[in-house]
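Listing of entry_13.cif, mmCIF, C-alpha atoms
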```
data_run
loop_
_atom_site.label_atom_id
_atom_site.label_comp_id
_atom_site.auth_asym_id
_atom_site.auth_seq_id
_atom_site.Cartn_x
_atom_site.Cartn_y
_atom_site.Cartn_z
CA MET A 1 -35.14 -8.92 75.46
CA SER A 2 -36.41 -6.72 78.28
CA ALA A 3 -39.86 -6.79 79.82
CA SER A 4 -40.57 -3.30 78.50
CA THR A 5 -39.85 -4.48 74.98
CA GLY A 6 -42.22 -7.39 75.51
CA ARG A 7 -44.99 -5.02 76.63
CA SER A 8 -44.60 -2.87 73.55
CA ALA A 9 -44.54 -5.88 71.24
CA ALA A 10 -47.66 -7.53 72.69
CA PRO A 11 -50.26 -5.13 71.18
CA GLU A 12 -48.55 -5.37 67.80
CA ARG A 13 -48.68 -9.17 67.88
CA ARG A 14 -52.39 -9.10 68.69
CA ALA A 15 -53.27 -6.47 66.11
CA GLY A 16 -51.79 -8.44 63.22
CA PRO A 17 -54.29 -11.35 63.23
CA ASP A 18 -57.20 -8.95 63.77
CA LEU A 19 -56.21 -6.92 60.72
CA VAL A 20 -55.85 -10.08 58.63
CA GLY A 21 -59.25 -11.24 59.83
CA VAL A 22 -60.91 -7.97 58.83
CA LEU A 23 -59.34 -8.17 55.37
CA VAL A 24 -60.26 -11.83 54.80
CA LEU A 25 -63.84 -11.57 56.05
CA GLY A 26 -64.31 -8.29 54.18
CA ALA A 27 -63.04 -9.94 51.00
CA CYS A 28 -65.44 -12.86 51.48
CA ALA A 29 -68.39 -10.49 51.80
CA GLY A 30 -67.26 -8.27 48.93
CA TRP A 31 -66.60 -11.13 46.53
CA SER A 32 -70.03 -12.66 47.18
CA LEU A 33 -71.52 -9.38 45.98
CA VAL A 34 -69.25 -9.38 42.93
CA ALA A 35 -70.23 -12.96 42.11
CA ALA A 36 -73.91 -12.05 42.45
CA ALA A 37 -73.76 -8.88 40.35
CA GLY A 38 -75.99 -8.98 37.26
CA ARG A 39 -77.50 -12.35 38.17
CA GLU A 40 -80.54 -13.65 39.99
CA ALA A 41 -78.32 -14.69 42.87
CA ARG A 42 -78.79 -14.41 46.60
CA PRO A 43 -75.62 -13.47 48.50
CA GLU A 44 -77.53 -13.04 51.78
CA GLY A 45 -76.48 -16.46 53.06
CA VAL A 46 -72.79 -15.73 52.62
CA LEU A 47 -73.14 -12.29 54.18
CA LEU A 48 -74.96 -13.78 57.16
CA ALA A 49 -72.24 -16.40 57.61
CA VAL A 50 -69.53 -13.72 57.54
CA LEU A 51 -71.47 -11.64 60.06
CA ALA A 52 -71.95 -14.66 62.32
CA VAL A 53 -68.23 -15.47 62.31
CA ALA A 54 -67.29 -11.86 63.05
CA ALA A 55 -69.88 -11.52 65.82
CA GLY A 56 -68.86 -14.80 67.42
CA TYR A 57 -65.19 -13.88 67.26
CA ALA A 58 -65.79 -10.51 68.88
CA LEU A 59 -67.93 -12.07 71.61
CA GLY A 60 -65.29 -14.70 72.27
CA ARG A 61 -62.51 -12.14 72.50
CA ILE A 62 -64.46 -10.00 74.97
CA SER A 63 -65.81 -12.76 77.19
CA GLY A 64 -62.59 -14.76 77.03
CA SER A 65 -60.56 -11.82 78.32
CA LEU A 66 -62.94 -11.27 81.25
CA VAL A 67 -64.21 -14.68 82.38
CA PRO A 68 -62.52 -17.37 80.28
CA VAL A 69 -63.75 -20.40 82.24
CA ALA A 70 -67.34 -19.20 82.52
CA ALA A 71 -67.41 -18.12 78.88
CA ALA A 72 -66.09 -21.48 77.68
CA THR A 73 -68.55 -23.35 79.88
CA CYS A 74 -71.49 -21.31 78.60
CA ALA A 75 -70.36 -21.80 74.99
CA ALA A 76 -70.08 -25.57 75.44
CA THR A 77 -73.47 -25.79 77.15
CA ALA A 78 -75.13 -23.66 74.49
CA GLY A 79 -73.64 -25.84 71.77
CA LEU A 80 -75.04 -28.96 73.40
CA LEU A 81 -78.48 -27.43 73.84
CA LEU A 82 -78.59 -26.28 70.23
CA ALA A 83 -77.47 -29.69 69.02
CA TYR A 84 -80.21 -31.33 71.06
CA ALA A 85 -82.80 -28.81 69.85
CA SER A 86 -81.80 -29.47 66.24
CA ARG A 87 -83.73 -32.75 66.40
CA ASP A 88 -86.99 -30.81 66.32
CA GLY A 89 -85.60 -27.86 64.38
CA VAL A 90 -84.30 -24.50 65.54
CA PRO A 91 -83.81 -21.43 63.34
CA GLY A 92 -80.88 -22.04 61.04
CA ALA A 93 -79.98 -25.38 62.59
CA THR A 94 -82.24 -28.08 61.26
CA VAL A 95 -80.91 -31.57 60.68
CA ASP A 96 -80.68 -32.23 56.97
CA PRO A 97 -82.38 -35.40 55.73
CA LEU A 98 -79.64 -36.35 53.25
CA PRO A 99 -78.39 -39.83 54.29
CA GLY A 100 -74.94 -39.70 55.82
CA HIS A 101 -75.18 -35.92 56.15
CA ILE A 102 -72.59 -34.19 58.35
CA GLY A 103 -74.16 -31.04 59.68
CA VAL A 104 -75.32 -29.59 62.98
CA SER A 105 -75.42 -32.93 64.81
CA ALA A 106 -71.70 -33.39 64.14
CA ALA A 107 -70.35 -29.83 64.10
CA LEU A 108 -71.92 -28.41 67.26
CA PRO A 109 -70.82 -31.25 69.59
CA ALA A 110 -67.26 -30.98 68.23
CA LEU A 111 -67.19 -27.22 68.81
CA ALA A 112 -68.79 -27.64 72.24
CA ALA A 113 -66.14 -30.20 73.19
CA GLY A 114 -63.45 -27.76 72.08
CA ALA A 115 -64.92 -24.99 74.21
CA ALA A 116 -65.19 -27.28 77.24
CA CYS A 117 -61.58 -28.41 76.91
CA CYS A 118 -60.37 -24.82 76.48
CA GLY A 119 -62.23 -23.94 79.67
CA ALA A 120 -60.58 -26.87 81.43
CA TRP A 121 -57.13 -25.56 80.57
CA ALA A 122 -58.07 -22.10 81.84
CA ALA A 123 -59.50 -23.43 85.13
CA ARG A 124 -57.39 -23.19 88.28
CA THR A 125 -58.82 -26.10 90.26
CA THR A 126 -58.66 -29.80 89.48
CA ALA A 127 -62.36 -30.31 90.16
CA VAL A 128 -63.39 -27.73 87.56
CA ARG A 129 -60.99 -29.18 85.01
CA LEU A 130 -62.40 -32.66 85.54
CA ALA A 131 -65.98 -31.41 85.29
CA LEU A 132 -65.30 -29.62 82.00
CA ARG A 133 -63.57 -32.65 80.51
CA LEU A 134 -66.53 -34.77 81.51
CA LEU A 135 -68.67 -32.19 79.73
CA ALA A 136 -66.56 -32.85 76.63
CA VAL A 137 -67.30 -36.55 76.99
CA GLY A 138 -70.97 -35.62 77.25
CA CYS A 139 -70.63 -33.78 73.94
CA ALA A 140 -69.50 -37.02 72.31
CA GLY A 141 -72.43 -38.82 73.88
CA MET A 142 -74.85 -36.18 72.61
CA ALA A 143 -73.53 -36.56 69.07
CA LEU A 144 -73.95 -40.32 69.28
CA ALA A 145 -77.48 -39.93 70.62
CA LEU A 146 -78.27 -37.72 67.63
CA GLY A 147 -77.05 -40.47 65.32
CA SER A 148 -73.80 -38.80 64.30
CA ALA A 149 -70.89 -41.19 64.64
CA ALA A 150 -68.66 -38.58 62.98
CA GLY A 151 -69.60 -36.00 65.60
CA CYS A 152 -68.93 -38.46 68.41
CA ALA A 153 -65.52 -39.36 66.99
CA ALA A 154 -64.68 -35.67 66.49
CA ALA A 155 -65.62 -34.72 70.06
CA LEU A 156 -63.56 -37.57 71.49
CA GLY A 157 -60.70 -36.66 69.15
CA VAL A 158 -60.77 -33.07 70.37
CA LEU A 159 -60.62 -34.28 73.98
CA LEU A 160 -57.67 -36.57 73.24
CA CYS A 161 -55.86 -33.83 71.33
CA SER A 162 -56.43 -31.48 74.26
CA LEU A 163 -54.89 -33.94 76.69
CA ALA A 164 -51.98 -34.67 74.36
CA ALA A 165 -51.36 -30.95 73.91
CA ALA A 166 -50.01 -30.81 77.45
CA ARG A 167 -46.83 -32.45 76.12
CA MET A 168 -46.49 -30.12 73.12
CA ARG A 169 -43.82 -27.49 73.70
CA HIS A 170 -44.19 -25.75 70.33
CA ARG A 171 -47.57 -24.91 68.88
CA THR A 172 -46.19 -24.48 65.36
CA VAL A 173 -45.79 -28.22 64.84
CA GLY A 174 -49.28 -28.97 66.13
CA LEU A 175 -50.96 -26.29 64.02
CA ALA A 176 -49.05 -27.41 60.94
CA GLY A 177 -50.30 -30.95 61.51
CA LEU A 178 -53.88 -29.74 61.82
CA ALA A 179 -53.52 -27.72 58.61
CA ALA A 180 -52.23 -30.83 56.85
CA VAL A 181 -55.26 -32.83 57.99
CA ALA A 182 -57.67 -30.18 56.69
CA ALA A 183 -55.79 -29.98 53.39
CA LEU A 184 -55.88 -33.76 53.01
CA VAL A 185 -59.65 -33.87 53.48
CA ALA A 186 -60.14 -30.99 51.04
CA VAL A 187 -57.95 -32.59 48.38
CA GLY A 188 -59.66 -35.93 48.95
CA SER A 189 -63.13 -34.46 48.44
CA VAL A 190 -62.03 -32.80 45.19
CA ALA A 191 -60.40 -36.04 44.04
CA VAL A 192 -63.64 -37.94 44.66
CA ALA A 193 -65.60 -35.30 42.76
CA GLU A 194 -63.13 -35.42 39.87
CA ASP A 195 -63.24 -39.25 39.88
CA VAL A 196 -59.45 -39.56 39.76
CA LEU A 197 -59.01 -42.06 42.61
CA PRO A 198 -58.51 -45.81 42.07
CA ASP A 199 -61.76 -47.70 41.50
CA GLY A 200 -61.62 -49.66 44.75
CA LEU A 201 -61.02 -46.58 46.86
CA THR A 202 -63.71 -44.63 45.01
CA VAL A 203 -66.31 -47.35 45.63
CA SER A 204 -65.37 -47.48 49.32
CA LEU A 205 -65.65 -43.71 49.74
CA GLU A 206 -68.92 -43.56 47.82
CA GLY A 207 -70.33 -46.09 50.25
CA GLN A 208 -69.47 -43.80 53.14
CA LEU A 209 -70.46 -40.54 51.46
CA THR A 210 -73.52 -41.94 49.61
CA PRO A 211 -73.68 -42.00 45.79
CA GLU A 212 -76.11 -39.08 45.71
CA ARG A 213 -73.66 -36.77 47.41
CA VAL A 214 -70.88 -37.78 45.04
CA LEU A 215 -73.14 -36.96 42.07
CA LEU A 216 -73.85 -33.56 43.62
CA TRP A 217 -70.12 -32.97 43.97
CA ARG A 218 -69.55 -33.82 40.32
CA ASP A 219 -72.24 -31.36 39.29
CA ALA A 220 -70.45 -28.73 41.38
CA VAL A 221 -67.15 -29.48 39.64
CA GLU A 222 -68.77 -29.17 36.22
CA LEU A 223 -70.30 -25.81 37.13
CA ALA A 224 -66.96 -24.61 38.50
CA GLU A 225 -65.23 -25.58 35.25
CA GLU A 226 -67.86 -23.74 33.20
CA HIS A 227 -67.61 -20.60 35.36
CA PRO A 228 -64.05 -20.64 36.78
CA VAL A 229 -63.75 -17.02 37.91
CA ARG A 230 -67.05 -15.70 39.29
CA GLY A 231 -68.89 -19.00 39.53
CA THR A 232 -72.59 -19.26 38.83
CA GLY A 233 -73.59 -16.86 41.60
CA PRO A 234 -74.43 -17.40 45.29
CA ASP A 235 -77.32 -19.76 46.01
CA ARG A 236 -77.78 -20.80 42.38
CA PHE A 237 -76.43 -24.34 42.57
CA GLY A 238 -79.83 -25.88 43.30
CA GLY A 239 -81.34 -24.44 40.15
CA LEU A 240 -78.45 -25.38 37.86
CA SER A 241 -77.53 -28.86 39.11
CA PRO A 242 -79.56 -31.65 37.47
CA VAL A 243 -79.04 -33.92 40.47
CA ALA A 244 -80.10 -31.22 42.96
CA ARG A 245 -83.25 -30.46 40.95
CA GLN A 246 -84.29 -34.11 40.98
CA SER A 247 -83.36 -34.81 44.60
CA PRO A 248 -86.02 -34.17 47.26
CA VAL A 249 -83.41 -34.03 50.05
CA ALA A 250 -80.45 -32.17 48.53
CA ALA A 251 -81.87 -28.79 49.64
CA GLY A 252 -80.24 -27.14 46.63
CA LYS A 253 -76.69 -27.62 47.93
CA PRO A 254 -73.79 -29.90 46.98
CA HIS A 255 -73.14 -30.71 50.65
CA SER A 256 -69.54 -29.55 50.53
CA ALA A 257 -68.70 -25.96 51.40
CA LEU A 258 -65.52 -26.05 49.33
CA LEU A 259 -67.22 -27.34 46.18
CA GLN A 260 -70.20 -25.05 46.73
CA GLN A 261 -67.89 -22.04 46.86
CA ALA A 262 -66.08 -23.21 43.74
CA ALA A 263 -69.36 -23.69 41.85
CA GLU A 264 -71.11 -20.53 43.02
CA GLN A 265 -68.19 -18.10 43.49
CA GLY A 266 -65.46 -19.59 41.35
CA ALA A 267 -61.84 -20.16 42.23
CA VAL A 268 -61.68 -16.85 44.07
CA GLY A 269 -64.51 -17.85 46.41
CA ALA A 270 -62.93 -21.24 47.14
CA THR A 271 -59.59 -19.56 47.81
CA LEU A 272 -61.20 -17.09 50.22
CA LEU A 273 -62.84 -19.96 52.10
CA GLY A 274 -59.43 -21.57 52.54
CA ALA A 275 -57.97 -18.20 53.53
CA THR A 276 -60.54 -17.93 56.32
CA TYR A 277 -59.32 -21.18 57.83
CA GLY A 278 -55.73 -20.03 57.35
CA TRP A 279 -56.50 -16.77 59.17
CA ILE A 280 -57.90 -18.70 62.13
CA LEU A 281 -54.76 -20.84 62.34
CA TYR A 282 -52.61 -17.71 62.10
CA ALA A 283 -54.59 -16.05 64.88
CA LEU A 284 -54.16 -19.15 67.04
CA TRP A 285 -50.42 -19.20 66.34
CA ARG A 286 -50.12 -15.59 67.49
CA SER A 287 -52.48 -16.07 70.44
CA PRO A 288 -51.26 -15.03 73.92
CA ARG A 289 -53.03 -18.06 75.38
CA ARG A 290 -51.18 -21.19 76.46
CA THR A 291 -50.29 -23.74 73.80
CA PRO A 292 -52.77 -26.42 75.05
CA VAL A 293 -55.65 -23.94 74.67
CA VAL A 294 -54.50 -23.00 71.18
CA LEU A 295 -54.13 -26.60 69.99
CA THR A 296 -57.46 -27.63 71.55
CA ALA A 297 -59.32 -24.91 69.68
CA GLY A 298 -57.35 -25.72 66.55
CA ALA A 299 -58.36 -29.37 66.74
CA ALA A 300 -62.06 -28.51 67.08
CA LEU A 301 -61.96 -25.98 64.24
CA THR A 302 -60.06 -28.43 62.03
CA ALA A 303 -62.76 -31.01 62.67
CA LEU A 304 -65.29 -28.41 61.53
CA ALA A 305 -63.20 -27.69 58.43
CA ALA A 306 -63.19 -31.40 57.61
CA PHE A 307 -66.96 -31.59 58.10
CA ALA A 308 -67.39 -28.56 55.86
CA CYS A 309 -65.47 -30.29 53.06
CA VAL A 310 -67.74 -33.35 53.08
CA GLY A 311 -70.96 -31.97 54.53
CA ASN A 312 -73.19 -28.97 54.91
CA ALA A 313 -72.09 -27.80 58.34
CA LEU A 314 -71.30 -24.19 57.38
CA SER A 315 -74.82 -23.63 56.06
CA PHE A 316 -76.10 -23.20 59.62
CA THR A 317 -75.71 -19.91 61.48
CA PRO A 318 -75.18 -21.48 64.94
CA VAL A 319 -72.21 -23.41 63.56
CA THR A 320 -70.50 -20.44 61.92
CA MET A 321 -71.07 -18.28 64.98
CA GLY A 322 -69.82 -21.08 67.23
CA ALA A 323 -66.65 -21.36 65.17
CA GLY A 324 -65.99 -17.65 65.54
CA LEU A 325 -66.77 -17.80 69.24
CA LEU A 326 -64.30 -20.64 69.86
CA ALA A 327 -61.59 -18.87 67.86
CA GLY A 328 -62.22 -15.71 69.88
CA LEU A 329 -62.00 -17.56 73.20
CA ALA A 330 -58.69 -19.14 72.21
CA THR A 331 -57.14 -15.84 71.08
CA ALA A 332 -58.48 -13.54 73.80
CA ARG A 333 -56.11 -11.63 76.04
CA PRO A 334 -55.74 -13.49 79.35
CA PRO A 335 -57.37 -11.84 82.41
CA GLY A 336 -55.04 -9.45 84.18
CA ASP A 337 -52.81 -9.23 81.15
CA GLY A 338 -50.01 -6.87 82.09
CA GLN A 339 -46.31 -7.08 82.61
CA GLN A 340 -46.40 -10.71 83.69
CA GLU A 341 -48.39 -11.83 80.63
CA SER A 342 -46.21 -9.70 78.33
CA GLU A 343 -43.07 -11.34 79.65
CA ARG A 344 -44.69 -14.74 79.11
CA GLY A 345 -45.58 -13.69 75.57
CA VAL A 346 -41.92 -12.93 74.89
CA GLY A 347 -41.10 -16.43 76.09
CA VAL A 348 -43.65 -17.87 73.69
CA VAL A 349 -42.08 -15.97 70.81
CA HIS A 350 -38.66 -17.40 71.73
CA ALA A 351 -40.18 -20.88 71.95
CA ARG A 352 -41.68 -20.53 68.46
CA GLY A 353 -38.34 -19.37 67.12
#
```

Reformat the file's structure so that it appears as structure tokens.
Amino acid sequence: MSASTGRSAAPERRAGPDLVGVLVLGACAGWSLVAAAGREARPEGVLLAVLAVAAGYALGRISGSLVPVAAATCAATAGLLLAYASRDGVPGATVDPLPGHIGVSAALPALAAGAACCGAWAARTTAVRLALRLLAVGCAGMALALGSAAGCAAALGVLLCSLAAARMRHRTVGLAGLAAVAALVAVGSVAVAEDVLPDGLTVSLEGQLTPERVLLWRDAVELAEEHPVRGTGPDRFGGLSPVARQSPVAAGKPHSALLQQAAEQGAVGATLLGATYGWILYALWRSPRRTPVVLTAGAALTALAAFACVGNALSFTPVTMGAGLLAGLATARPPGDGQQESERGVGVVHARG
């Protein structure tokens, strides 16, 4: 294939994921309004989350195509500062009091570590790469200082995945593995809520998740079964769940984005949530960036997807915007993208094939 063919194919490859993203995010916003129609529901939270993801993605695409290292460094630093500020409470990013909760203190350090490692791969000097990877280690330390062992493990896992990605020649295998991990966590959370696991395993998981959260999940499953198509309506779980009404720390949520979508927006809402994650993986697969950058961002976003299945991470605007920002950074057109980058893109396509 000639270089001229590669140049003509590059815009088409980049337009595909953007079009899919517009359709998926538009469907998420539209369905929340459908689910809320004729009910005392509040779809504002869903609409704000969709707007935050779209804004973060656009900002990441723009800044990542101009100053990728500086943009990634700023994103990682901002994530750390917001995580630290969440101890005293910042708008939309307060630490939830539910014991064992996986929220801002876990999600933001993981995303910040992903941004730092993406910046390290984009850097041209060894000193800058080392400094950014040390920043990723600092993200793990911040999560541990905030009392989130899950966030610390996720940040360190992102760093290790980023280093291991240097040996990955084909991104398809890595992204498929990340998708399998997210699917396993999602299926596991539903299995716990349905109480279909062996007794010993159920008791062990309940000890990690806390019995109160498991009861909230089971309420969400019951509501989803009673209203399988449209759900009960956005932001109505707290008023309909007996456990949430009696709990002073549940904050009216089941503490699982997947089960909350299923309860409040039915099977369609849960499917659209999964489609959003699938769109991000598709955009990463088609990204013109190097494979280590793609897999690093994929690891961080998969950690967030896992947290969202067992926690309340997606209820906070800084987290949803940070996820969009990281996805945008990892899919942005490289600086000086021209004939040389187009020819490299053709090579990537051959490698995927």

Nearest residue to A:Val34 out of A:Val229, A:Val310, A:Ala54, A:Ala263, using only C-alpha atoms? A:Val229

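This file gives the following result for the PyMOL selection byres ((chain A and resi 194) around 12): Val187, Gly188, Ser189, Val190, Ala191, Val192, Ala193, Asp195, Val196, Leu197, Pro198, Thr202, Val214, Leu215, Leu216, Trp217, Arg218, Asp219, Ala220, Val221, Glu222, Ala224, Glu225 and Leu259 of chain A.
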
Output the residue selection produced by the PyMOL selection byres ((chain A and resi 276-293) around 6) on the file above, formatted as a ChimeraX atom specification. /A:17,118,165-166,171,273-275,294-296,331

What does the file look like for those residues with C-alpha atoms, as a PDB file, in the coordinates of the input?
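This went into result15.pdb:
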```pdb
ATOM      1  CA  PRO A  17     -54.290 -11.350  63.230  1.00  0.00           C
ATOM      2  CA  CYS A 118     -60.370 -24.820  76.480  1.00  0.00           C
ATOM      3  CA  ALA A 165     -51.360 -30.950  73.910  1.00  0.00           C
ATOM      4  CA  ALA A 166     -50.010 -30.810  77.450  1.00  0.00           C
ATOM      5  CA  ARG A 171     -47.570 -24.910  68.880  1.00  0.00           C
ATOM      6  CA  LEU A 273     -62.840 -19.960  52.100  1.00  0.00           C
ATOM      7  CA  GLY A 274     -59.430 -21.570  52.540  1.00  0.00           C
ATOM      8  CA  ALA A 275     -57.970 -18.200  53.530  1.00  0.00           C
ATOM      9  CA  VAL A 294     -54.500 -23.000  71.180  1.00  0.00           C
ATOM     10  CA  LEU A 295     -54.130 -26.600  69.990  1.00  0.00           C
ATOM     11  CA  THR A 296     -57.460 -27.630  71.550  1.00  0.00           C
ATOM     12  CA  THR A 331     -57.140 -15.840  71.080  1.00  0.00           C
TER      13      THR A 331
END
```

What's around stretch 151-164 of chain A at 7 Å? Count all atoms listed in the file, leave out sequence neighbours fewer than 3 positions away in its own chain, and write the answer as a list of chain:residue names. A:Ser105, A:Ala106, A:Ala107, A:Pro109, A:Ala110, A:Ala113, A:Gly114, A:Cys117, A:Ala136, A:Val137, A:Cys139, A:Ala140, A:Gly141, A:Ala143, A:Leu144, A:Ser148, A:Arg167, A:Pro292, A:Leu295, A:Thr296, A:Ala299, A:Ala300, A:Ala303

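Applied to the shown file, the PyMOL selection byres ((chain A and resi 43) around 9) selects the residues Ala29, Ser32, Leu33, Ala35, Ala36, Ala41, Arg42, Glu44, Gly45, Val46, Leu47, Leu48, Gly233, Pro234 and Asp235 of chain A.
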
Hey, can you spit out that residue selection with C-alpha atoms as a compact mmCIF listing (two decimals), in the coordinates of the input?
```txt
# COMPACT_ATOMS: atom_id res chain seq x y z
CA ALA A 29 -68.39 -10.49 51.80
CA SER A 32 -70.03 -12.66 47.18
CA LEU A 33 -71.52 -9.38 45.98
CA ALA A 35 -70.23 -12.96 42.11
CA ALA A 36 -73.91 -12.05 42.45
CA ALA A 41 -78.32 -14.69 42.87
CA ARG A 42 -78.79 -14.41 46.60
CA GLU A 44 -77.53 -13.04 51.78
CA GLY A 45 -76.48 -16.46 53.06
CA VAL A 46 -72.79 -15.73 52.62
CA LEU A 47 -73.14 -12.29 54.18
CA LEU A 48 -74.96 -13.78 57.16
CA GLY A 233 -73.59 -16.86 41.60
CA PRO A 234 -74.43 -17.40 45.29
CA ASP A 235 -77.32 -19.76 46.01
```

Listed atoms of stretch 298-315 of chain A, axis-aligned box, 4 Å per side: centre and edge lengths to one decimal in Å, as JSON?
```
{"center_x": -66.1, "center_y": -28.5, "center_z": 60.1, "size_x": 25.5, "size_y": 17.7, "size_z": 22.0}
```

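In this model, the gap between atom CA of A:Leu175 and atom CA of A:Gly298 comes to 6.9 Å.
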
Test item: residues at most 6 Å from A:Leu108, only C-alpha atoms, excluding those fewer than 4 positions along its chain, as a PyMOL selection string: chain A and resi 79+83+104+112

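From atom CA of A:Cys309 back to atom CA of A:Ala244, the distance works out to 17.8 Å.
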
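Residue nearest A:Gly103, chosen from A:Ser86, A:Ser65, A:Thr320, A:Asn312 and counting only C-alpha atoms: A:Asn312.
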
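Of note, atom CA of A:Ala297 and atom CA of A:Ala85 are spaced 23.8 Å apart.
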
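Nearest-residue note for A:Arg39: choosing from A:Gly252, A:Pro242, A:Gly328, A:Gly231, the minimum distance belongs to A:Gly231, counting all atoms listed in the file.
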
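Of the residues listed (A:Ala308, A:Val203, A:Leu80, A:Leu25), A:Leu25 shows the shortest atom-to-atom separation from A:Tyr57; distances use all atoms listed in the file.
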
Can you pull stretch 230-263 of chain A out of that block with C-alpha atoms and hand it back as a short mmCIF file (atom, residue, chain, number, x, y, z; two decimals), in the first residue's frame?
```
data_model
loop_
_atom_site.label_atom_id
_atom_site.label_comp_id
_atom_site.auth_asym_id
_atom_site.auth_seq_id
_atom_site.Cartn_x
_atom_site.Cartn_y
_atom_site.Cartn_z
CA ARG A 230 -37.37 1.41 31.21
CA GLY A 231 -36.35 0.77 34.79
CA THR A 232 -37.76 2.78 37.65
CA GLY A 233 -36.46 6.11 36.36
CA PRO A 234 -33.17 7.96 36.92
CA ASP A 235 -32.32 8.80 40.53
CA ARG A 236 -35.27 6.89 41.98
CA PHE A 237 -33.42 3.94 43.51
CA GLY A 238 -33.01 5.62 46.89
CA GLY A 239 -36.73 6.11 47.30
CA LEU A 240 -37.71 2.60 46.18
CA SER A 241 -35.04 0.45 47.84
CA PRO A 242 -35.92 -0.58 51.41
CA VAL A 243 -32.25 -0.97 52.30
CA ALA A 244 -31.33 2.45 50.88
CA ARG A 245 -34.17 4.13 52.77
CA GLN A 246 -33.00 2.65 56.07
CA SER A 247 -29.28 3.20 55.50
CA PRO A 248 -27.79 6.53 56.63
CA VAL A 249 -24.73 6.09 54.39
CA ALA A 250 -26.08 4.56 51.17
CA ALA A 251 -26.73 8.02 49.66
CA GLY A 252 -29.65 6.60 47.70
CA LYS A 253 -27.45 4.51 45.40
CA PRO A 254 -26.72 0.78 45.07
CA HIS A 255 -22.98 1.47 44.78
CA SER A 256 -22.66 -0.29 41.45
CA ALA A 257 -23.05 1.68 38.23
CA LEU A 258 -24.09 -1.42 36.29
CA LEU A 259 -26.82 -2.43 38.74
CA GLN A 260 -27.93 1.17 39.16
CA GLN A 261 -28.40 1.49 35.41
CA ALA A 262 -30.30 -1.79 35.31
CA ALA A 263 -32.60 -0.71 38.17
#
```
